[in-house]
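final-v8.tsv follows (TSV, C-alpha atoms and all ligand atoms):
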```tsv
chain	number	residue	atom	x	y	z
A	2	MET	CA	-192.01	67.29	-72.15
A	3	ILE	CA	-194.79	64.81	-71.33
A	4	ASP	CA	-194.25	61.76	-69.13
A	5	LEU	CA	-196.39	58.91	-70.45
A	6	TYR	CA	-197.24	55.94	-68.22
A	7	THR	CA	-198.50	53.15	-70.43
A	8	TRP	CA	-198.59	49.52	-71.49
A	9	THR	CA	-199.18	47.54	-74.72
A	10	THR	CA	-202.97	47.81	-74.68
A	11	PRO	CA	-205.59	49.70	-76.73
A	12	ASN	CA	-206.06	52.37	-74.05
A	13	GLY	CA	-202.33	52.85	-73.73
A	14	ARG	CA	-201.89	53.09	-77.51
A	15	LYS	CA	-204.49	55.85	-77.73
A	16	ALA	CA	-202.13	58.09	-75.75
A	17	SER	CA	-198.90	57.10	-77.53
A	18	ILE	CA	-200.48	57.43	-80.98
A	19	ALA	CA	-201.83	60.86	-80.01
A	20	LEU	CA	-198.43	62.00	-78.74
A	21	GLU	CA	-196.87	60.86	-82.02
A	22	GLU	CA	-199.57	62.61	-84.06
A	23	PHE	CA	-199.09	65.82	-82.05
A	24	GLU	CA	-195.29	65.56	-82.40
A	25	LEU	CA	-194.90	66.30	-78.71
A	26	PRO	CA	-191.70	65.21	-77.00
A	27	TYR	CA	-192.46	62.53	-74.42
A	28	SER	CA	-190.73	60.01	-72.26
A	29	VAL	CA	-192.23	56.57	-71.76
A	30	HIS	CA	-192.63	54.87	-68.39
A	31	PRO	CA	-193.80	51.28	-68.90
A	32	ILE	CA	-196.33	50.11	-66.29
A	33	ASP	CA	-196.52	46.32	-66.62
A	34	ILE	CA	-200.13	45.61	-65.65
A	35	GLY	CA	-199.38	41.87	-65.83
A	36	LYS	CA	-197.06	42.42	-62.86
A	37	ASP	CA	-199.52	44.69	-60.99
A	38	GLU	CA	-197.23	47.71	-61.37
A	39	GLN	CA	-200.37	49.86	-61.70
A	40	PHE	CA	-200.81	49.47	-57.93
A	41	ASN	CA	-197.44	51.02	-57.05
A	42	PRO	CA	-198.04	54.00	-54.73
A	43	GLU	CA	-196.04	56.39	-56.97
A	44	PHE	CA	-198.23	55.48	-59.93
A	45	LEU	CA	-201.43	55.77	-57.88
A	46	ARG	CA	-200.53	59.39	-57.13
A	47	ILE	CA	-200.84	60.09	-60.87
A	48	SER	CA	-203.56	57.57	-61.68
A	49	PRO	CA	-205.75	56.97	-58.61
A	50	ASN	CA	-207.93	54.46	-60.54
A	51	ASN	CA	-204.85	52.22	-61.03
A	52	ARG	CA	-205.23	52.18	-64.80
A	53	ILE	CA	-203.02	53.14	-67.71
A	54	PRO	CA	-202.60	55.45	-69.55
A	55	ALA	CA	-201.68	58.46	-67.47
A	56	ILE	CA	-199.56	61.52	-68.18
A	57	VAL	CA	-197.68	64.24	-66.39
A	58	ASP	CA	-197.09	67.45	-68.34
A	59	GLN	CA	-193.71	68.71	-67.14
A	60	ASP	CA	-194.52	72.17	-68.59
A	61	ASN	CA	-197.08	72.87	-65.87
A	62	GLY	CA	-197.27	69.86	-63.53
A	63	GLN	CA	-200.69	68.75	-64.82
A	64	THR	CA	-201.33	65.06	-64.12
A	65	LEU	CA	-204.11	63.18	-65.91
A	66	MET	CA	-205.57	59.71	-65.96
A	67	GLU	CA	-208.37	58.52	-68.31
A	68	SER	CA	-207.44	58.31	-71.98
A	69	GLY	CA	-210.36	60.47	-73.14
A	70	ALA	CA	-209.30	63.33	-70.85
A	71	ILE	CA	-205.69	62.89	-71.97
A	72	LEU	CA	-206.66	63.12	-75.65
A	73	ILE	CA	-208.72	66.29	-75.12
A	74	TYR	CA	-205.92	67.85	-73.05
A	75	LEU	CA	-203.24	67.15	-75.66
A	76	ALA	CA	-205.49	68.29	-78.51
A	77	ASP	CA	-206.15	71.56	-76.70
A	78	LYS	CA	-202.46	71.97	-75.85
A	79	THR	CA	-201.43	71.65	-79.49
A	80	GLY	CA	-204.53	72.90	-81.32
A	81	LYS	CA	-204.58	69.71	-83.41
A	82	LEU	CA	-207.13	66.90	-84.03
A	83	LEU	CA	-210.00	68.65	-82.22
A	84	ALA	CA	-211.62	71.94	-83.20
A	85	ARG	CA	-211.23	74.68	-80.59
A	86	GLU	CA	-214.94	75.52	-80.54
A	87	GLY	CA	-218.29	75.09	-82.21
A	88	GLU	CA	-220.11	72.14	-83.70
A	89	ARG	CA	-216.98	70.37	-84.96
A	90	ARG	CA	-215.48	70.35	-81.47
A	91	TYR	CA	-218.57	68.73	-79.97
A	92	ARG	CA	-218.88	66.25	-82.85
A	93	GLY	CA	-215.34	65.12	-82.08
A	94	ILE	CA	-216.05	64.89	-78.36
A	95	GLU	CA	-219.31	63.05	-79.08
A	96	TRP	CA	-217.54	60.21	-80.90
A	97	LEU	CA	-214.70	60.21	-78.39
A	98	MET	CA	-217.28	59.66	-75.63
A	99	TRP	CA	-218.94	56.98	-77.75
A	100	GLN	CA	-215.62	55.13	-77.69
A	101	MET	CA	-215.14	55.65	-73.96
A	102	GLY	CA	-218.61	54.33	-73.09
A	103	GLY	CA	-219.01	51.78	-75.90
A	104	PRO	CA	-216.15	49.98	-77.65
A	105	GLY	CA	-213.72	50.51	-74.74
A	106	PRO	CA	-215.63	48.72	-72.00
A	107	MET	CA	-217.64	46.39	-74.26
A	108	PHE	CA	-214.77	45.11	-76.42
A	109	GLY	CA	-212.82	44.79	-73.18
A	110	GLN	CA	-215.47	42.35	-71.93
A	111	VAL	CA	-215.23	40.43	-75.22
A	112	HIS	CA	-211.47	40.10	-74.70
A	113	HIS	CA	-212.06	38.87	-71.15
A	114	PHE	CA	-214.78	36.32	-71.90
A	115	VAL	CA	-214.18	35.29	-75.52
A	116	LYS	CA	-210.39	35.42	-75.82
A	117	TYR	CA	-209.19	34.62	-72.32
A	118	ASN	CA	-212.02	32.65	-70.69
A	119	ARG	CA	-213.86	30.99	-73.54
A	120	GLY	CA	-216.47	28.42	-72.48
A	121	LYS	CA	-216.68	29.59	-68.85
A	122	ALA	CA	-219.62	31.96	-69.27
A	123	PRO	CA	-221.51	31.35	-72.55
A	124	TYR	CA	-224.18	33.96	-71.83
A	125	ALA	CA	-221.54	36.66	-71.20
A	126	GLU	CA	-219.78	35.70	-74.44
A	127	GLU	CA	-223.07	35.95	-76.34
A	128	ARG	CA	-224.08	39.23	-74.69
A	129	TYR	CA	-220.79	41.07	-75.22
A	130	LEU	CA	-220.20	39.72	-78.72
A	131	LYS	CA	-223.69	40.87	-79.70
A	132	GLU	CA	-222.99	44.31	-78.29
A	133	ALA	CA	-219.60	44.42	-80.05
A	134	HIS	CA	-221.25	43.64	-83.38
A	135	ARG	CA	-223.88	46.29	-82.73
A	136	LEU	CA	-221.10	48.83	-82.12
A	137	TYR	CA	-219.23	47.74	-85.27
A	138	SER	CA	-222.50	48.25	-87.20
A	139	VAL	CA	-222.91	51.75	-85.76
A	140	LEU	CA	-219.34	52.59	-86.75
A	141	ASP	CA	-219.77	51.09	-90.21
A	142	ARG	CA	-222.91	53.13	-90.87
A	143	ARG	CA	-221.17	56.32	-89.72
A	144	LEU	CA	-218.13	55.63	-91.90
A	145	ALA	CA	-220.34	54.92	-94.92
A	146	GLN	CA	-221.16	58.66	-94.88
A	147	HIS	CA	-217.90	60.11	-93.49
A	148	GLU	CA	-214.24	59.59	-94.29
A	149	PHE	CA	-213.40	59.75	-90.59
A	150	VAL	CA	-215.61	59.30	-87.56
A	151	ALA	CA	-216.23	62.95	-86.75
A	152	ASP	CA	-215.30	65.42	-89.50
A	153	ASP	CA	-211.58	65.39	-90.29
A	154	TYR	CA	-209.20	62.85	-88.73
A	155	SER	CA	-209.49	63.56	-85.01
A	156	ILE	CA	-208.86	62.28	-81.50
A	157	ALA	CA	-212.10	60.29	-81.89
A	158	ASP	CA	-210.42	58.17	-84.59
A	159	VAL	CA	-207.29	57.91	-82.43
A	160	ALA	CA	-209.45	56.59	-79.57
A	161	ILE	CA	-211.45	54.05	-81.59
A	162	TRP	CA	-208.75	52.65	-83.87
A	163	PRO	CA	-206.65	50.76	-81.25
A	164	TRP	CA	-209.77	48.90	-80.11
A	165	VAL	CA	-210.59	47.88	-83.68
A	166	SER	CA	-206.98	46.72	-84.07
A	167	ARG	CA	-207.92	43.87	-81.72
A	168	TYR	CA	-210.58	42.61	-84.18
A	169	GLU	CA	-208.97	39.15	-84.25
A	170	TRP	CA	-209.26	38.81	-80.45
A	171	GLN	CA	-212.91	39.79	-80.88
A	172	THR	CA	-213.44	37.11	-83.60
A	173	VAL	CA	-214.69	39.94	-85.82
A	174	ASP	CA	-214.25	39.65	-89.60
A	175	LEU	CA	-213.67	43.21	-90.81
A	176	ASN	CA	-214.91	42.18	-94.27
A	177	ALA	CA	-218.38	42.21	-92.71
A	178	TYR	CA	-217.86	45.94	-92.01
A	179	PRO	CA	-216.35	47.30	-95.25
A	180	ASN	CA	-216.42	50.95	-94.23
A	181	VAL	CA	-214.66	50.15	-90.94
A	182	LYS	CA	-212.12	48.09	-92.89
A	183	ARG	CA	-211.42	51.01	-95.28
A	184	TRP	CA	-211.04	53.47	-92.36
A	185	TYR	CA	-208.94	51.04	-90.29
A	186	THR	CA	-206.53	50.39	-93.17
A	187	VAL	CA	-206.05	54.10	-93.98
A	188	ILE	CA	-205.27	54.91	-90.34
A	189	ALA	CA	-202.94	51.92	-89.99
A	190	MET	CA	-200.77	53.42	-92.74
A	191	ARG	CA	-200.14	56.65	-90.83
A	192	PRO	CA	-196.48	56.80	-89.68
A	193	ALA	CA	-197.52	58.29	-86.30
A	194	VAL	CA	-199.91	55.39	-85.72
A	195	GLN	CA	-197.22	52.88	-86.63
A	196	ARG	CA	-194.80	54.48	-84.18
A	197	GLY	CA	-197.36	54.88	-81.39
A	198	TYR	CA	-198.50	51.27	-81.76
A	199	LYS	CA	-195.03	50.09	-80.69
A	200	VAL	CA	-195.00	51.99	-77.38
A	201	PRO	CA	-193.87	51.04	-74.76
A	202	LYS	CA	-192.42	48.08	-76.70
A	203	ASP	CA	-192.75	46.26	-79.98
A	204	VAL	CA	-195.01	43.22	-79.57
A	205	GLY	CA	-195.66	42.62	-83.26
A	206	GLU	CA	-196.97	44.24	-86.39
A	207	ILE	CA	-200.33	45.94	-86.70
A	208	PRO	CA	-202.90	43.28	-87.71
A	209	MET	CA	-204.12	43.87	-91.27
A	210	PRO	CA	-207.39	42.49	-92.60
A	301	LIG	N1	-211.36	54.34	-68.90
A	301	LIG	C1	-209.93	54.12	-68.79
A	301	LIG	C2	-209.67	52.64	-68.89
A	301	LIG	C3	-208.20	52.33	-68.73
A	301	LIG	C4	-207.97	50.85	-68.61
A	301	LIG	O1	-208.90	50.05	-68.44
A	301	LIG	N2	-206.69	50.47	-68.67
A	301	LIG	C5	-206.32	49.07	-68.50
A	301	LIG	C6	-205.42	48.62	-69.62
A	301	LIG	S1	-206.20	48.80	-71.22
A	301	LIG	C7	-205.58	48.92	-67.18
A	301	LIG	O2	-204.79	49.77	-66.83
A	301	LIG	N3	-205.83	47.84	-66.44
A	301	LIG	C8	-205.18	47.60	-65.21
A	301	LIG	C9	-206.10	47.05	-64.15
A	301	LIG	O3	-207.24	46.68	-64.51
A	301	LIG	O4	-205.71	46.96	-63.00
A	301	LIG	C10	-209.20	54.89	-69.89
A	301	LIG	O5	-209.78	55.03	-70.98
A	301	LIG	O6	-208.09	55.37	-69.67
```

Can you dump the structure from the file as structure tokens?
Amino acid sequence: MIDLYTWTTPNGRKASIALEEFELPYSVHPIDIGKDEQFNPEFLRISPNNRIPAIVDQDNGQTLMESGAILIYLADKTGKLLAREGERRYRGIEWLMWQMGGPGPMFGQVHHFVKYNRGKAPYAEERYLKEAHRLYSVLDRRLAQHEFVADDYSIADVAIWPWVSRYEWQTVDLNAYPNVKRWYTVIAMRPAVQRGYKVPKDVGEIPMP
């Protein structure tokens, strides 16, 4: 049994979608970051960076913060969505790390400046939107040559997809990135993704372009 500490955000959904894909039993502990619950001392013992998601694996007591580490751990635990060794493993990790260093933090800045604080910092809006479009172009070029980001459907797709699902917040028209749109739509149809998207609670349907 896995304890999942999460909220209704792209990083949180990475973990819940992965748990659904892996068909692992898990119990959900909502951490309402709007109410600063991520600063509760009990949560900080599991996630010292006061961020969701975090997990505790009741099988062995392993605690983990950082969604990328959680995805690798669960993939290794189950032997699914990441090759055990060789080039395919590192290709999956490569694109997972691309998400962790690129779309995660950069799209997050777009949400902060463009969605929630529009007009307050025009240069920041311009800078992060430009970077977001650059990242969408990188993804679109990759997906022009590959069905999924790495080789087969993998934890790299699971990591990137929830950030793309906020394309409306980012004022991004997915029609400008047809390969991303094709990939996004295929993944959105997966039952595990549809279930994981609604954890820890249902806040609406998956946006469809
Ligand atoms: N690099 C971390 C980022 C996690 C993160 O930024 N989580 C946000 C929600 S998406 C959060 O918990 N924010 C709470 C806060 O900023 O205090 C990961 O991938 O797990």

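Between Gln110 of chain A and the residues A:Lys131, A:His147, A:Arg90, A:Lys202, the shortest atom-to-atom distance, using all atoms listed in the file, involves A:Lys131.
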
Using only C-alpha atoms and all ligand atoms, find each residue of chain A with at least one atom at most 9 Å away from an atom of ligand LIG 301 (chain A); report its shortest atom-to-atom pair and that distance in Å (one decimal), sort the rows by chain and rising residue number, and return the result as CSV.
```
residue,atom,partner,partner_atom,distance
A:Thr7,CA,A:LIG301,O2,8.0
A:Trp8,CA,A:LIG301,C6,7.1
A:Thr9,CA,A:LIG301,S1,7.9
A:Thr10,CA,A:LIG301,S1,4.8
A:Pro11,CA,A:LIG301,S1,5.6
A:Asn12,CA,A:LIG301,S1,4.6
A:Gly13,CA,A:LIG301,S1,6.1
A:Arg14,CA,A:LIG301,S1,8.7
A:Lys15,CA,A:LIG301,O5,8.6
A:Ala16,CA,A:LIG301,O6,8.9
A:Ile32,CA,A:LIG301,O2,8.5
A:Asp33,CA,A:LIG301,C8,8.9
A:Ile34,CA,A:LIG301,C8,5.4
A:Gly35,CA,A:LIG301,C8,8.2
A:Asp37,CA,A:LIG301,O4,6.9
A:Glu38,CA,A:LIG301,O4,8.7
A:Gln39,CA,A:LIG301,O4,6.2
A:Phe40,CA,A:LIG301,O4,7.5
A:Asn50,CA,A:LIG301,O4,8.2
A:Asn51,CA,A:LIG301,O4,5.7
A:Arg52,CA,A:LIG301,O2,3.2
A:Ile53,CA,A:LIG301,O2,3.9
A:Pro54,CA,A:LIG301,O6,5.5
A:Ala55,CA,A:LIG301,O6,7.4
A:Met66,CA,A:LIG301,O6,6.2
A:Glu67,CA,A:LIG301,O6,3.4
A:Ser68,CA,A:LIG301,O6,3.8
A:Gly69,CA,A:LIG301,O5,5.9
A:Ala70,CA,A:LIG301,O6,8.1
A:Ile71,CA,A:LIG301,O6,8.2
A:Gln100,CA,A:LIG301,O5,8.9
A:Met101,CA,A:LIG301,O5,6.2
A:Gly102,CA,A:LIG301,N1,8.4
A:Gly105,CA,A:LIG301,O5,7.1
A:Pro106,CA,A:LIG301,N1,7.7
A:Gly109,CA,A:LIG301,S1,8.0
A:Ala160,CA,A:LIG301,O5,8.7
```

### Message
Here's a test: counting all atoms listed in the file, identify every protein, DNA and RNA residue with an atom at most 12 Å from (-203.7, 71.2, -72.3) in the file's coordinate frame, and state them as a PyMOL selection string.
### Response
chain A and resi 3+25+56-65+70-81+85

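Minimum atom-to-atom distances from A:His112, A:Lys199, A:Arg191, A:Arg119 to Trp164 of chain A were compared using all atoms listed in the file, and the lowest value belongs to A:His112.
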
### Task
Name the residues in contact with segment 138-144 of chain A at a cut-off of 9 Å, using only C-alpha atoms, excluding same-chain residues fewer than 5 positions from it; report them as a list in words.
Ala133, Phe149, Val150, Ala151, Tyr178, Pro179, Asn180, Val181, Lys182, Arg183 and Trp184 of chain A

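Taking atom CA of Leu5 of chain A and atom CA of Leu20 of chain A as the two end points, the separation is 9.1 Å.
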
### Query
So which one's closest to Arg89 of chain A, A:Thr186, A:Gln195, A:Ser155, A:Thr172? Using all atoms listed in the file, please.
A:Ser155

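Across the structure, atom CA of Val200 of chain A and atom CA of Pro49 of chain A are spaced 22.2 Å apart.
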
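One finds atom CA of Met209 of chain A at 19.8 Å from atom CA of Ser17 of chain A.
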
Draw an axis-aligned box over all listed atoms of segment 115-125 of chain A, pad each side with 8 Å, and write its centre and edge lengths in Å, one decimal, as lines of an AutoDock Vina configuration file.
```
center_x = -216.7
center_y = 32.5
center_z = -72.3
size_x = 31.0
size_y = 24.2
size_z = 23.0
```

### Exercise: Tyr185 of chain A partners within 8 Å, all atoms listed in the file, chain neighbours under 5 positions left out, as a PyMOL selection string
chain A and resi 162+165-166

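The closest residue to Tyr27 of chain A, picked from A:Leu82, A:Met98, A:Val115, A:Met2 and counting all atoms listed in the file, is A:Met2.
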